[in-house]
$ cat run-v7.pdb   # PDB, C-alpha atoms
ATOM      1  CA  MET Q   1      70.420  57.486  65.478
ATOM      2  CA  ARG Q   2      70.632  59.488  62.276
ATOM      3  CA  ASP Q   3      70.346  63.205  62.584
ATOM      4  CA  GLY Q   4      67.716  65.115  60.736
ATOM      5  CA  CYS Q   5      64.147  66.000  61.330
ATOM      6  CA  PRO Q   6      62.923  64.030  64.347
ATOM      7  CA  LYS Q   7      59.644  62.227  64.074
ATOM      8  CA  VAL Q   8      57.263  63.955  66.441
ATOM      9  CA  ALA Q   9      55.543  60.710  67.393
ATOM     10  CA  VAL Q  10      58.774  59.059  68.493
ATOM     11  CA  PHE Q  11      59.773  62.186  70.294
ATOM     12  CA  PHE Q  12      56.480  62.367  72.169
ATOM     13  CA  ASP Q  13      56.800  58.779  73.167
ATOM     14  CA  MET Q  14      60.215  59.298  74.718
ATOM     15  CA  LEU Q  15      59.248  62.554  76.311
ATOM     16  CA  ASP Q  16      55.726  61.904  77.470
ATOM     17  CA  PHE Q  17      54.707  65.004  79.411
ATOM     18  CA  SER Q  18      52.275  62.976  81.516
ATOM     19  CA  LYS Q  19      55.020  60.762  82.948
ATOM     20  CA  ASN Q  20      56.293  61.540  86.391
ATOM     21  CA  TYR Q  21      59.952  62.493  86.741
ATOM     22  CA  PHE Q  22      61.036  58.996  87.717
ATOM     23  CA  GLU Q  23      59.276  57.464  84.728
ATOM     24  CA  LEU Q  24      60.695  60.138  82.472
ATOM     25  CA  PHE Q  25      64.187  59.100  83.528
ATOM     26  CA  GLY Q  26      63.281  55.412  83.414
ATOM     27  CA  LEU Q  27      64.009  55.036  87.140
ATOM     28  CA  PRO Q  28      62.017  53.216  89.801
ATOM     29  CA  VAL Q  29      59.747  55.445  91.910
ATOM     30  CA  SER Q  30      61.912  55.319  95.020
ATOM     31  CA  TYR Q  31      63.776  57.668  97.317
ATOM     32  CA  ILE Q  32      67.063  55.996  96.504
ATOM     33  CA  VAL Q  33      68.214  57.155  93.098
ATOM     34  CA  ASP Q  34      71.117  55.713  91.148
ATOM     35  CA  ALA Q  35      73.132  58.863  90.470
ATOM     36  CA  ASN Q  36      74.952  57.329  87.488
ATOM     37  CA  ALA Q  37      71.745  56.162  85.852
ATOM     38  CA  LEU Q  38      70.292  59.605  86.481
ATOM     39  CA  SER Q  39      73.093  61.469  84.733
ATOM     40  CA  ASP Q  40      73.309  58.916  81.875
ATOM     41  CA  ARG Q  41      69.624  59.180  81.220
ATOM     42  CA  TYR Q  42      69.766  62.964  81.483
ATOM     43  CA  ARG Q  43      72.344  63.051  78.727
ATOM     44  CA  ASP Q  44      70.203  60.776  76.524
ATOM     45  CA  LEU Q  45      67.160  62.955  77.010
ATOM     46  CA  GLN Q  46      69.095  66.145  76.412
ATOM     47  CA  ARG Q  47      70.318  64.767  73.118
ATOM     48  CA  ILE Q  48      66.728  64.146  72.037
ATOM     49  CA  VAL Q  49      65.671  67.739  72.610
ATOM     50  CA  HIS Q  50      68.912  69.386  71.488
ATOM     51  CA  PRO Q  51      68.133  72.513  69.412
ATOM     52  CA  ASP Q  52      70.514  71.391  66.619
ATOM     53  CA  ARG Q  53      68.133  68.564  65.862
ATOM     54  CA  PHE Q  54      65.313  71.004  65.360
ATOM     55  CA  ALA Q  55      67.023  73.393  62.967
ATOM     56  CA  ASN Q  56      64.704  72.385  60.137
ATOM     57  CA  ALA Q  57      61.708  71.443  62.263
ATOM     58  CA  THR Q  58      58.302  73.083  62.340
ATOM     59  CA  ASP Q  59      57.514  75.756  64.900
ATOM     60  CA  GLN Q  60      55.348  73.339  66.813
ATOM     61  CA  GLU Q  61      58.100  70.737  67.013
ATOM     62  CA  ARG Q  62      60.565  73.364  68.103
ATOM     63  CA  ARG Q  63      58.198  74.573  70.785
ATOM     64  CA  ILE Q  64      57.756  71.060  72.101
ATOM     65  CA  SER Q  65      61.501  70.548  72.153
ATOM     66  CA  VAL Q  66      61.985  73.686  74.242
ATOM     67  CA  GLN Q  67      59.286  72.599  76.677
ATOM     68  CA  GLY Q  68      60.869  69.169  76.762
ATOM     69  CA  ALA Q  69      64.271  70.619  77.624
ATOM     70  CA  ALA Q  70      62.733  72.628  80.472
ATOM     71  CA  LEU Q  71      60.924  69.551  81.775
ATOM     72  CA  ILE Q  72      64.092  67.457  81.696
ATOM     73  CA  ASN Q  73      66.049  70.088  83.624
ATOM     74  CA  GLU Q  74      63.327  70.490  86.203
ATOM     75  CA  ALA Q  75      63.132  66.725  86.629
ATOM     76  CA  LEU Q  76      66.907  66.468  87.090
ATOM     77  CA  GLU Q  77      66.992  69.257  89.688
ATOM     78  CA  THR Q  78      64.170  67.563  91.589
ATOM     79  CA  LEU Q  79      65.546  64.044  91.485
ATOM     80  CA  LYS Q  80      69.114  64.856  92.453
ATOM     81  CA  ASP Q  81      68.288  67.017  95.477
ATOM     82  CA  PRO Q  82      67.377  65.014  98.602
ATOM     83  CA  ILE Q  83      64.843  67.592  99.816
ATOM     84  CA  ALA Q  84      63.196  68.303  96.478
ATOM     85  CA  ARG Q  85      63.081  64.565  95.735
ATOM     86  CA  GLY Q  86      61.455  63.766  99.079
ATOM     87  CA  SER Q  87      58.943  66.533  98.662
ATOM     88  CA  TYR Q  88      58.133  65.367  95.123
ATOM     89  CA  LEU Q  89      57.714  61.764  96.265
ATOM     90  CA  LEU Q  90      55.314  62.895  98.972
ATOM     91  CA  THR Q  91      53.311  64.736  96.326
ATOM     92  CA  LEU Q  92      53.174  61.559  94.228
ATOM     93  CA  HIS Q  93      51.750  59.822  97.297
ATOM     94  CA  GLY Q  94      49.127  62.528  97.657
ATOM     95  CA  VAL Q  95      50.764  64.488 100.473
ATOM     96  CA  GLU Q  96      51.093  68.235  99.888
ATOM     97  CA  MET Q  97      53.377  69.980 102.346
ATOM     98  CA  ASP Q  98      52.781  73.521 103.488
ATOM     99  CA  ALA Q  99      56.415  74.586 103.287
ATOM    100  CA  GLN Q 100      55.628  78.059 104.532
ATOM    101  CA  ASN Q 101      53.843  77.162 107.729
ATOM    102  CA  GLU Q 102      54.538  73.688 108.984
ATOM    103  CA  SER Q 103      57.453  73.236 111.291
ATOM    104  CA  THR Q 104      58.956  70.514 113.392
ATOM    105  CA  GLN Q 105      57.865  70.433 117.037
ATOM    106  CA  ASP Q 106      60.919  68.423 118.014
ATOM    107  CA  MET Q 107      62.395  70.640 120.757
ATOM    108  CA  GLY Q 108      65.611  68.653 120.995
ATOM    109  CA  PHE Q 109      66.223  69.123 117.304
ATOM    110  CA  LEU Q 110      65.500  72.864 117.410
ATOM    111  CA  MET Q 111      67.799  73.318 120.422
ATOM    112  CA  GLN Q 112      70.553  71.570 118.542
ATOM    113  CA  GLN Q 113      69.946  73.800 115.511
ATOM    114  CA  MET Q 114      70.220  76.829 117.755
ATOM    115  CA  GLU Q 115      73.490  75.577 119.259
ATOM    116  CA  LEU Q 116      75.000  74.884 115.852
ATOM    117  CA  ARG Q 117      74.076  78.382 114.680
ATOM    118  CA  GLU Q 118      75.615  79.849 117.818
ATOM    119  CA  GLN Q 119      78.794  77.898 117.175
ATOM    120  CA  LEU Q 120      78.849  79.099 113.586
ATOM    121  CA  GLU Q 121      78.553  82.658 114.825
ATOM    122  CA  GLU Q 122      81.510  82.080 117.160
ATOM    123  CA  VAL Q 123      83.924  80.474 114.685
ATOM    124  CA  ARG Q 124      85.842  83.674 114.080
ATOM    125  CA  ARG Q 125      86.819  83.733 117.730
ATOM    126  CA  GLN Q 126      88.289  80.227 117.591
ATOM    127  CA  ASP Q 127      92.044  79.603 117.278
ATOM    128  CA  ASP Q 128      91.476  78.018 113.908
ATOM    129  CA  PRO Q 129      88.252  79.449 112.459
ATOM    130  CA  TYR Q 130      88.529  77.481 109.236
ATOM    131  CA  GLU Q 131      88.877  74.203 111.095
ATOM    132  CA  ALA Q 132      85.942  75.170 113.305
ATOM    133  CA  VAL Q 133      83.621  75.888 110.387
ATOM    134  CA  LEU Q 134      84.647  72.673 108.638
ATOM    135  CA  ASP Q 135      83.796  70.807 111.820
ATOM    136  CA  ILE Q 136      80.313  72.341 111.821
ATOM    137  CA  SER Q 137      79.829  71.553 108.119
ATOM    138  CA  ASN Q 138      80.855  67.967 108.740
ATOM    139  CA  ARG Q 139      78.370  67.586 111.542
ATOM    140  CA  VAL Q 140      75.578  69.107 109.470
ATOM    141  CA  ASN Q 141      76.404  66.871 106.521
ATOM    142  CA  LYS Q 142      76.396  63.816 108.762
ATOM    143  CA  GLN Q 143      72.958  64.757 110.048
ATOM    144  CA  ILE Q 144      71.675  65.231 106.513
ATOM    145  CA  THR Q 145      73.120  61.872 105.462
ATOM    146  CA  SER Q 146      71.465  60.199 108.397
ATOM    147  CA  LEU Q 147      68.108  61.800 107.546
ATOM    148  CA  VAL Q 148      68.492  60.741 103.905
ATOM    149  CA  GLY Q 149      68.896  57.164 105.157
ATOM    150  CA  GLN Q 150      65.822  57.452 107.369
ATOM    151  CA  MET Q 151      63.845  58.935 104.509
ATOM    152  CA  ALA Q 152      64.725  56.056 102.172
ATOM    153  CA  VAL Q 153      63.300  53.609 104.713
ATOM    154  CA  GLN Q 154      59.991  55.520 104.918
ATOM    155  CA  PHE Q 155      59.449  55.254 101.175
ATOM    156  CA  GLU Q 156      60.136  51.511 100.971
ATOM    157  CA  THR Q 157      56.586  50.666 102.036
ATOM    158  CA  PRO Q 158      54.893  54.046 102.391
ATOM    159  CA  THR Q 159      51.968  53.674 104.797
ATOM    160  CA  ASP Q 160      50.256  56.785 106.193
ATOM    161  CA  ASP Q 161      52.478  56.644 109.269
ATOM    162  CA  GLN Q 162      55.587  56.385 107.160
ATOM    163  CA  LEU Q 163      54.519  59.284 104.957
ATOM    164  CA  ALA Q 164      53.961  61.349 108.098
ATOM    165  CA  ALA Q 165      57.440  60.391 109.268
ATOM    166  CA  ALA Q 166      58.891  61.339 105.877
ATOM    167  CA  ARG Q 167      57.175  64.700 106.149
ATOM    168  CA  GLU Q 168      58.779  65.330 109.542
ATOM    169  CA  ILE Q 169      62.192  64.342 108.187
ATOM    170  CA  LEU Q 170      61.737  66.826 105.359
ATOM    171  CA  ARG Q 171      60.902  69.615 107.798
ATOM    172  CA  LYS Q 172      64.175  68.909 109.590
ATOM    173  CA  MET Q 173      66.138  68.681 106.367
ATOM    174  CA  ARG Q 174      65.084  72.219 105.467
ATOM    175  CA  PHE Q 175      66.708  73.568 108.629
ATOM    176  CA  LEU Q 176      69.877  71.639 107.973
ATOM    177  CA  GLN Q 177      69.996  72.824 104.383
ATOM    178  CA  LYS Q 178      69.778  76.434 105.511
ATOM    179  CA  LEU Q 179      72.493  75.877 108.094
ATOM    180  CA  ARG Q 180      74.714  74.196 105.537
ATOM    181  CA  SER Q 181      74.418  77.084 103.112
ATOM    182  CA  GLU Q 182      75.262  79.507 105.917
ATOM    183  CA  ALA Q 183      78.286  77.438 106.886
ATOM    184  CA  GLU Q 184      79.372  77.388 103.251
ATOM    185  CA  THR Q 185      79.133  81.180 103.115
ATOM    186  CA  VAL Q 186      81.370  81.496 106.173
ATOM    187  CA  GLU Q 187      83.792  78.956 104.689
ATOM    188  CA  ALA Q 188      84.025  80.981 101.476
ATOM    189  CA  GLU Q 189      84.574  84.214 103.405
ATOM    190  CA  LEU Q 190      87.367  82.645 105.435
ATOM    191  CA  GLU Q 191      88.988  81.263 102.307
ATOM    192  CA  ASP Q 192      88.967  84.734 100.768
ATOM    193  CA  GLU Q 193      90.524  86.235 103.865
ATOM    194  CA  LEU Q 194      93.225  83.589 104.101
ATOM    195  CA  GLY Q 195      93.913  84.202 100.415
TER     196      GLY Q 195
ATOM    197  CA  MET X   1      62.268  94.481  99.272
ATOM    198  CA  ALA X   2      62.634  97.375 101.652
ATOM    199  CA  TYR X   3      62.343  96.915 105.394
ATOM    200  CA  SER X   4      60.284  99.397 107.363
ATOM    201  CA  ASP X   5      62.096 101.812 109.692
ATOM    202  CA  LYS X   6      60.804  99.924 112.694
ATOM    203  CA  VAL X   7      62.147  96.621 111.406
ATOM    204  CA  LEU X   8      65.510  98.227 110.705
ATOM    205  CA  ASP X   9      65.577  99.783 114.168
ATOM    206  CA  HIS X  10      65.004  96.415 115.860
ATOM    207  CA  TYR X  11      67.373  94.693 113.470
ATOM    208  CA  GLU X  12      70.194  97.136 114.146
ATOM    209  CA  ASN X  13      69.477  97.549 117.859
ATOM    210  CA  PRO X  14      67.815  94.351 118.943
ATOM    211  CA  ARG X  15      66.371  94.570 122.468
ATOM    212  CA  ASN X  16      66.803  91.899 125.101
ATOM    213  CA  VAL X  17      69.119  89.569 123.236
ATOM    214  CA  GLY X  18      70.454  86.769 125.385
ATOM    215  CA  THR X  19      69.562  83.824 127.552
ATOM    216  CA  PHE X  20      68.227  82.941 130.976
ATOM    217  CA  ASP X  21      69.171  79.789 132.814
ATOM    218  CA  ASN X  22      66.711  77.232 131.588
ATOM    219  CA  GLU X  23      67.019  75.276 134.859
ATOM    220  CA  ASP X  24      65.509  78.210 136.764
ATOM    221  CA  THR X  25      61.888  77.310 137.530
ATOM    222  CA  SER X  26      60.811  80.931 137.056
ATOM    223  CA  VAL X  27      61.993  80.754 133.431
ATOM    224  CA  GLY X  28      59.931  79.532 130.475
ATOM    225  CA  THR X  29      61.631  78.757 127.159
ATOM    226  CA  GLY X  30      59.972  78.675 123.757
ATOM    227  CA  MET X  31      61.855  77.209 120.812
ATOM    228  CA  VAL X  32      60.316  77.474 117.374
ATOM    229  CA  GLY X  33      61.501  77.204 113.817
ATOM    230  CA  ALA X  34      60.289  78.488 110.457
ATOM    231  CA  PRO X  35      60.559  75.718 107.912
ATOM    232  CA  ALA X  36      60.367  77.875 104.802
ATOM    233  CA  CYS X  37      63.450  79.909 105.577
ATOM    234  CA  GLY X  38      65.102  77.643 108.163
ATOM    235  CA  ASP X  39      64.906  80.343 110.839
ATOM    236  CA  VAL X  40      65.237  79.366 114.486
ATOM    237  CA  MET X  41      63.917  81.467 117.359
ATOM    238  CA  ARG X  42      64.344  81.076 121.109
ATOM    239  CA  LEU X  43      62.247  83.224 123.416
ATOM    240  CA  GLN X  44      62.543  83.119 127.186
ATOM    241  CA  ILE X  45      60.451  84.738 129.890
ATOM    242  CA  LYS X  46      61.181  85.236 133.563
ATOM    243  CA  VAL X  47      57.980  85.134 135.576
ATOM    244  CA  SER X  48      57.280  86.410 139.104
ATOM    245  CA  ASP X  49      55.361  84.348 141.648
ATOM    246  CA  ALA X  50      52.383  86.596 140.946
ATOM    247  CA  GLY X  51      52.411  85.433 137.310
ATOM    248  CA  VAL X  52      53.804  88.642 135.827
ATOM    249  CA  ILE X  53      56.527  88.540 133.174
ATOM    250  CA  GLU X  54      59.403  90.468 134.704
ATOM    251  CA  ASP X  55      61.904  90.099 131.933
ATOM    252  CA  ALA X  56      62.361  88.494 128.539
ATOM    253  CA  ARG X  57      65.235  87.409 126.304
ATOM    254  CA  PHE X  58      65.459  86.186 122.757
ATOM    255  CA  LYS X  59      67.887  84.857 120.214
ATOM    256  CA  THR X  60      66.856  84.543 116.598
ATOM    257  CA  TYR X  61      68.767  83.232 113.632
ATOM    258  CA  GLY X  62      66.856  84.466 110.659
ATOM    259  CA  CYS X  63      65.931  87.412 108.508
ATOM    260  CA  GLY X  64      65.464  90.989 109.696
ATOM    261  CA  SER X  65      61.708  90.575 110.050
ATOM    262  CA  ALA X  66      62.086  87.515 112.278
ATOM    263  CA  ILE X  67      64.626  89.297 114.462
ATOM    264  CA  ALA X  68      62.459  92.415 114.675
ATOM    265  CA  SER X  69      59.322  90.397 115.486
ATOM    266  CA  SER X  70      60.990  88.629 118.391
ATOM    267  CA  SER X  71      62.772  91.768 119.605
ATOM    268  CA  LEU X  72      59.508  93.714 119.644
ATOM    269  CA  LEU X  73      57.732  90.874 121.396
ATOM    270  CA  THR X  74      60.238  90.837 124.274
ATOM    271  CA  GLU X  75      59.499  94.536 124.809
ATOM    272  CA  TRP X  76      55.760  93.987 124.730
ATOM    273  CA  VAL X  77      55.565  91.060 127.144
ATOM    274  CA  LYS X  78      57.505  92.732 129.950
ATOM    275  CA  GLY X  79      55.113  93.725 132.726
ATOM    276  CA  LYS X  80      52.270  91.679 131.257
ATOM    277  CA  THR X  81      50.596  88.800 133.054
ATOM    278  CA  LEU X  82      50.861  85.397 131.409
ATOM    279  CA  ASP X  83      47.217  85.656 130.377
ATOM    280  CA  GLU X  84      47.802  89.016 128.727
ATOM    281  CA  ALA X  85      50.921  87.780 126.957
ATOM    282  CA  GLN X  86      48.974  84.769 125.733
ATOM    283  CA  GLN X  87      46.570  87.142 123.975
ATOM    284  CA  ILE X  88      49.192  88.828 121.790
ATOM    285  CA  LYS X  89      48.371  88.219 118.154
ATOM    286  CA  ASN X  90      50.803  87.969 115.305
ATOM    287  CA  SER X  91      48.697  90.484 113.377
ATOM    288  CA  GLU X  92      49.505  93.121 116.001
ATOM    289  CA  ILE X  93      53.223  92.489 115.566
ATOM    290  CA  ALA X  94      52.931  92.511 111.774
ATOM    291  CA  GLU X  95      50.999  95.764 111.903
ATOM    292  CA  GLU X  96      53.407  97.480 114.301
ATOM    293  CA  LEU X  97      56.395  96.525 112.132
ATOM    294  CA  ALA X  98      54.556  97.097 108.839
ATOM    295  CA  LEU X  99      55.584  93.645 107.640
ATOM    296  CA  PRO X 100      54.832  92.901 103.989
ATOM    297  CA  PRO X 101      52.610  89.845 103.333
ATOM    298  CA  VAL X 102      55.586  87.603 102.481
ATOM    299  CA  LYS X 103      57.069  88.307 105.921
ATOM    300  CA  VAL X 104      53.925  87.860 108.000
ATOM    301  CA  HIS X 105      55.032  84.302 108.819
ATOM    302  CA  CYS X 106      57.885  85.844 110.856
ATOM    303  CA  SER X 107      55.323  87.399 113.201
ATOM    304  CA  VAL X 108      53.514  84.056 113.393
ATOM    305  CA  LEU X 109      56.803  82.552 114.511
ATOM    306  CA  ALA X 110      57.079  85.131 117.302
ATOM    307  CA  GLU X 111      53.524  84.432 118.471
ATOM    308  CA  ASP X 112      54.262  80.695 118.461
ATOM    309  CA  ALA X 113      57.426  81.379 120.474
ATOM    310  CA  ILE X 114      55.720  83.281 123.297
ATOM    311  CA  LYS X 115      52.970  80.663 123.486
ATOM    312  CA  ALA X 116      55.587  77.913 123.662
ATOM    313  CA  ALA X 117      57.479  79.817 126.391
ATOM    314  CA  ILE X 118      54.318  80.231 128.481
ATOM    315  CA  LYS X 119      53.497  76.552 128.048
ATOM    316  CA  ASP X 120      57.021  75.547 129.054
ATOM    317  CA  TYR X 121      56.817  77.745 132.159
ATOM    318  CA  ALA X 122      53.442  76.268 133.137
ATOM    319  CA  GLU X 123      54.741  72.727 132.712
ATOM    320  CA  LYS X 124      57.778  73.414 134.885
ATOM    321  CA  ARG X 125      55.789  74.832 137.789
ATOM    322  CA  PRO X 126      54.734  72.438 140.541
ATOM    323  CA  LYS X 127      50.974  72.193 140.393
TER     324      LYS X 127
END

$ encode --input "run-v7.pdb" --output "C-alpha cells"
Amino acid sequence: MRDGCPKVAVFFDMLDFSKNYFELFGLPVSYIVDANALSDRYRDLQRIVHPDRFANATDQERRISVQGAALINEALETLKDPIARGSYLLTLHGVEMDAQNESTQDMGFLMQQMELREQLEEVRRQDDPYEAVLDISNRVNKQITSLVGQMAVQFETPTDDQLAAAREILRKMRFLQKLRSEAETVEAELEDELG
Amino acid sequence: MAYSDKVLDHYENPRNVGTFDNEDTSVGTGMVGAPACGDVMRLQIKVSDAGVIEDARFKTYGCGSAIASSSLLTEWVKGKTLDEAQQIKNSEIAEELALPPVKVHCSVLAEDAIKAAIKDYAEKRPK
C-alpha cells in the first residue's frame, strides 16, 4: 500500500466502528482465539491508523484515526484476556454480568480458594518459600487452564443453560485471577530478597 | 481513598481471627466470596443448645473494609440468638464503619457470611 493521505471511505470500511471486536479482527465469534491471527491482525490494523499516515490529513480524519487506535487496543485487550473475552462474549449473547454483586455459591470452590490463600500466606515459613509459591502459582494456572477449556465448550453451542454455566465459570475465574496476581506479588518480593 | 478510624482499628487489630472445628455440630460455617475484588471470607459461629451464639471466628482475604466488616460482625453476633443475628443488616455495618459507597459491598459480604453460617448450622443440627 502506498503511503500518503488515506481515503476515508476505505479506512472506514476496514475499521467499521459498528463491528464487534471479533469481526474487527476478522476472527470467528468464538471463545477459542488464534493468538497468532490475533497479533497479526492487530499489527495490520495498527498500521492503518498509524499517526504517520495522517500527517497531512484533515482534522476529522485524524480524529477518526485516534478513535480507531483506541478501539483496536481495547479490542486486543479484551480478546486476549480469557476473563475479559468470556465476559464480552456473554454480552454479545445478551447476558450482562453484575461483576460487583454476583458470586459463586460453590462452597467447595470457595473453601479451596481459602486454603490456597492460607498456603500463600504461609510460604515464608516453608523451607523453600520460592518453590512453595511457584507450586501455588502452578496449581492456580492449572485451574485457570481447565476453566478456559470448560468455557470454550459452553460457547460452542450457547444455549441458555450453557450461557449460565459460562457465567459461573467467569465468576470462578475472577477469584483465580486475583489469587494469581497475589501469588505473583509474593514471587516478585521473594526474587528481590534472594537478589 | 482514606479508611475511617474504625476500619483501621479492625484492620490493624482484627478481633476473633481463627477457626473452629467444622465437624463440631455446634459450629456453623459460612463461606462467601466477592467476585469484583476476588475476596474470600469465612465466618464461623459456635452456638449453645439454647440457640445463642457463644463465640465467633473469621478469616478474610481481602481489602481493609472486608476485614473490618467481618471483624466487627464477629463482635456483634456474640451473645445474640440466631434470630437476632439473622436480622443484622449490612447497612448497619456500613454505617458503623463509615464505609464509602464503593466499599458497601464488603458489608454485604459480611451479612451474606453470617446468614450462610446460620444456615449451615441449622442444616447440621438433627431435626

$ interface_residues --input "run-v7.pdb" --of "chain Q" --to "chain X" --cutoff "12 Å" --atoms "only C-alpha atoms" --output "MDAnalysis selection string"
chainID Q and resid 97:121 167:182

$ atom_distance --input "run-v7.pdb" --atom1 "CA of Asp161 (chain Q)" --atom2 "CA of Lys119 (chain X)"
27.4 Å

$ atom_distance --input "run-v7.pdb" --atom1 "CA of Val104 (chain X)" --atom2 "CA of Thr81 (chain X)"
25.3 Å

$ resolve_selection --input "run-v7.pdb" --expression "the PyMOL selection byres ((chain Q and resi 71) around 12)" --output "mmCIF file with C-alpha atoms, keeping the file's coordinate frame"
data_model
loop_
_atom_site.group_PDB
_atom_site.id
_atom_site.type_symbol
_atom_site.label_atom_id
_atom_site.label_comp_id
_atom_site.auth_asym_id
_atom_site.auth_seq_id
_atom_site.Cartn_x
_atom_site.Cartn_y
_atom_site.Cartn_z
ATOM 1 C CA LEU Q 15 59.248 62.554 76.311
ATOM 2 C CA ASP Q 16 55.726 61.904 77.470
ATOM 3 C CA PHE Q 17 54.707 65.004 79.411
ATOM 4 C CA SER Q 18 52.275 62.976 81.516
ATOM 5 C CA LYS Q 19 55.020 60.762 82.948
ATOM 6 C CA ASN Q 20 56.293 61.540 86.391
ATOM 7 C CA TYR Q 21 59.952 62.493 86.741
ATOM 8 C CA LEU Q 24 60.695 60.138 82.472
ATOM 9 C CA PHE Q 25 64.187 59.100 83.528
ATOM 10 C CA TYR Q 42 69.766 62.964 81.483
ATOM 11 C CA LEU Q 45 67.160 62.955 77.010
ATOM 12 C CA GLN Q 46 69.095 66.145 76.412
ATOM 13 C CA VAL Q 49 65.671 67.739 72.610
ATOM 14 C CA ILE Q 64 57.756 71.060 72.101
ATOM 15 C CA SER Q 65 61.501 70.548 72.153
ATOM 16 C CA VAL Q 66 61.985 73.686 74.242
ATOM 17 C CA GLN Q 67 59.286 72.599 76.677
ATOM 18 C CA GLY Q 68 60.869 69.169 76.762
ATOM 19 C CA ALA Q 69 64.271 70.619 77.624
ATOM 20 C CA ALA Q 70 62.733 72.628 80.472
ATOM 21 C CA ILE Q 72 64.092 67.457 81.696
ATOM 22 C CA ASN Q 73 66.049 70.088 83.624
ATOM 23 C CA GLU Q 74 63.327 70.490 86.203
ATOM 24 C CA ALA Q 75 63.132 66.725 86.629
ATOM 25 C CA LEU Q 76 66.907 66.468 87.090
ATOM 26 C CA GLU Q 77 66.992 69.257 89.688
ATOM 27 C CA THR Q 78 64.170 67.563 91.589
#

$ atom_distance --input "run-v7.pdb" --atom1 "CA of Ala98 (chain X)" --atom2 "CA of Cys63 (chain X)"
14.9 Å

$ decode --input "run-v7.pdb" --residues "region 39-51 of chain X" --atoms "N, CA, C and O atoms" --output "PDB file, in the first residue's frame"
ATOM      1  N   ASP X  39     -12.294 -11.287  46.835  1.00  0.00           N
ATOM      2  CA  ASP X  39     -12.159 -11.511  48.271  1.00  0.00           C
ATOM      3  C   ASP X  39     -12.838 -12.815  48.682  1.00  0.00           C
ATOM      4  O   ASP X  39     -13.840 -13.189  48.098  1.00  0.00           O
ATOM      5  N   VAL X  40     -12.282 -13.461  49.702  1.00  0.00           N
ATOM      6  CA  VAL X  40     -12.925 -14.646  50.257  1.00  0.00           C
ATOM      7  C   VAL X  40     -13.058 -14.460  51.760  1.00  0.00           C
ATOM      8  O   VAL X  40     -12.134 -13.969  52.415  1.00  0.00           O
ATOM      9  N   MET X  41     -14.220 -14.821  52.290  1.00  0.00           N
ATOM     10  CA  MET X  41     -14.497 -14.622  53.712  1.00  0.00           C
ATOM     11  C   MET X  41     -15.072 -15.906  54.310  1.00  0.00           C
ATOM     12  O   MET X  41     -15.961 -16.518  53.728  1.00  0.00           O
ATOM     13  N   ARG X  42     -14.516 -16.299  55.466  1.00  0.00           N
ATOM     14  CA  ARG X  42     -15.088 -17.442  56.181  1.00  0.00           C
ATOM     15  C   ARG X  42     -15.503 -16.965  57.563  1.00  0.00           C
ATOM     16  O   ARG X  42     -14.701 -16.352  58.276  1.00  0.00           O
ATOM     17  N   LEU X  43     -16.754 -17.204  57.917  1.00  0.00           N
ATOM     18  CA  LEU X  43     -17.249 -16.783  59.218  1.00  0.00           C
ATOM     19  C   LEU X  43     -17.846 -17.990  59.924  1.00  0.00           C
ATOM     20  O   LEU X  43     -18.635 -18.725  59.325  1.00  0.00           O
ATOM     21  N   GLN X  44     -17.418 -18.225  61.143  1.00  0.00           N
ATOM     22  CA  GLN X  44     -17.916 -19.376  61.891  1.00  0.00           C
ATOM     23  C   GLN X  44     -18.541 -18.935  63.206  1.00  0.00           C
ATOM     24  O   GLN X  44     -18.047 -18.013  63.859  1.00  0.00           O
ATOM     25  N   ILE X  45     -19.625 -19.627  63.570  1.00  0.00           N
ATOM     26  CA  ILE X  45     -20.270 -19.346  64.852  1.00  0.00           C
ATOM     27  C   ILE X  45     -20.346 -20.628  65.665  1.00  0.00           C
ATOM     28  O   ILE X  45     -20.463 -21.721  65.114  1.00  0.00           O
ATOM     29  N   LYS X  46     -20.232 -20.469  66.967  1.00  0.00           N
ATOM     30  CA  LYS X  46     -20.389 -21.585  67.893  1.00  0.00           C
ATOM     31  C   LYS X  46     -21.668 -21.311  68.679  1.00  0.00           C
ATOM     32  O   LYS X  46     -21.789 -20.261  69.305  1.00  0.00           O
ATOM     33  N   VAL X  47     -22.605 -22.238  68.589  1.00  0.00           N
ATOM     34  CA  VAL X  47     -23.948 -21.979  69.111  1.00  0.00           C
ATOM     35  C   VAL X  47     -24.265 -22.903  70.291  1.00  0.00           C
ATOM     36  O   VAL X  47     -23.967 -24.103  70.245  1.00  0.00           O
ATOM     37  N   SER X  48     -24.850 -22.331  71.345  1.00  0.00           N
ATOM     38  CA  SER X  48     -25.245 -23.143  72.506  1.00  0.00           C
ATOM     39  C   SER X  48     -26.532 -23.899  72.199  1.00  0.00           C
ATOM     40  O   SER X  48     -27.219 -23.586  71.223  1.00  0.00           O
ATOM     41  N   ASP X  49     -26.855 -24.873  73.043  1.00  0.00           N
ATOM     42  CA  ASP X  49     -28.082 -25.644  72.828  1.00  0.00           C
ATOM     43  C   ASP X  49     -29.314 -24.753  72.869  1.00  0.00           C
ATOM     44  O   ASP X  49     -30.338 -25.048  72.252  1.00  0.00           O
ATOM     45  N   ALA X  50     -29.193 -23.634  73.607  1.00  0.00           N
ATOM     46  CA  ALA X  50     -30.321 -22.708  73.710  1.00  0.00           C
ATOM     47  C   ALA X  50     -30.441 -21.808  72.474  1.00  0.00           C
ATOM     48  O   ALA X  50     -31.328 -20.962  72.404  1.00  0.00           O
ATOM     49  N   GLY X  51     -29.529 -21.989  71.500  1.00  0.00           N
ATOM     50  CA  GLY X  51     -29.615 -21.190  70.279  1.00  0.00           C
ATOM     51  C   GLY X  51     -28.983 -19.816  70.395  1.00  0.00           C
ATOM     52  O   GLY X  51     -29.354 -18.888  69.665  1.00  0.00           O
TER      53      GLY X  51
END
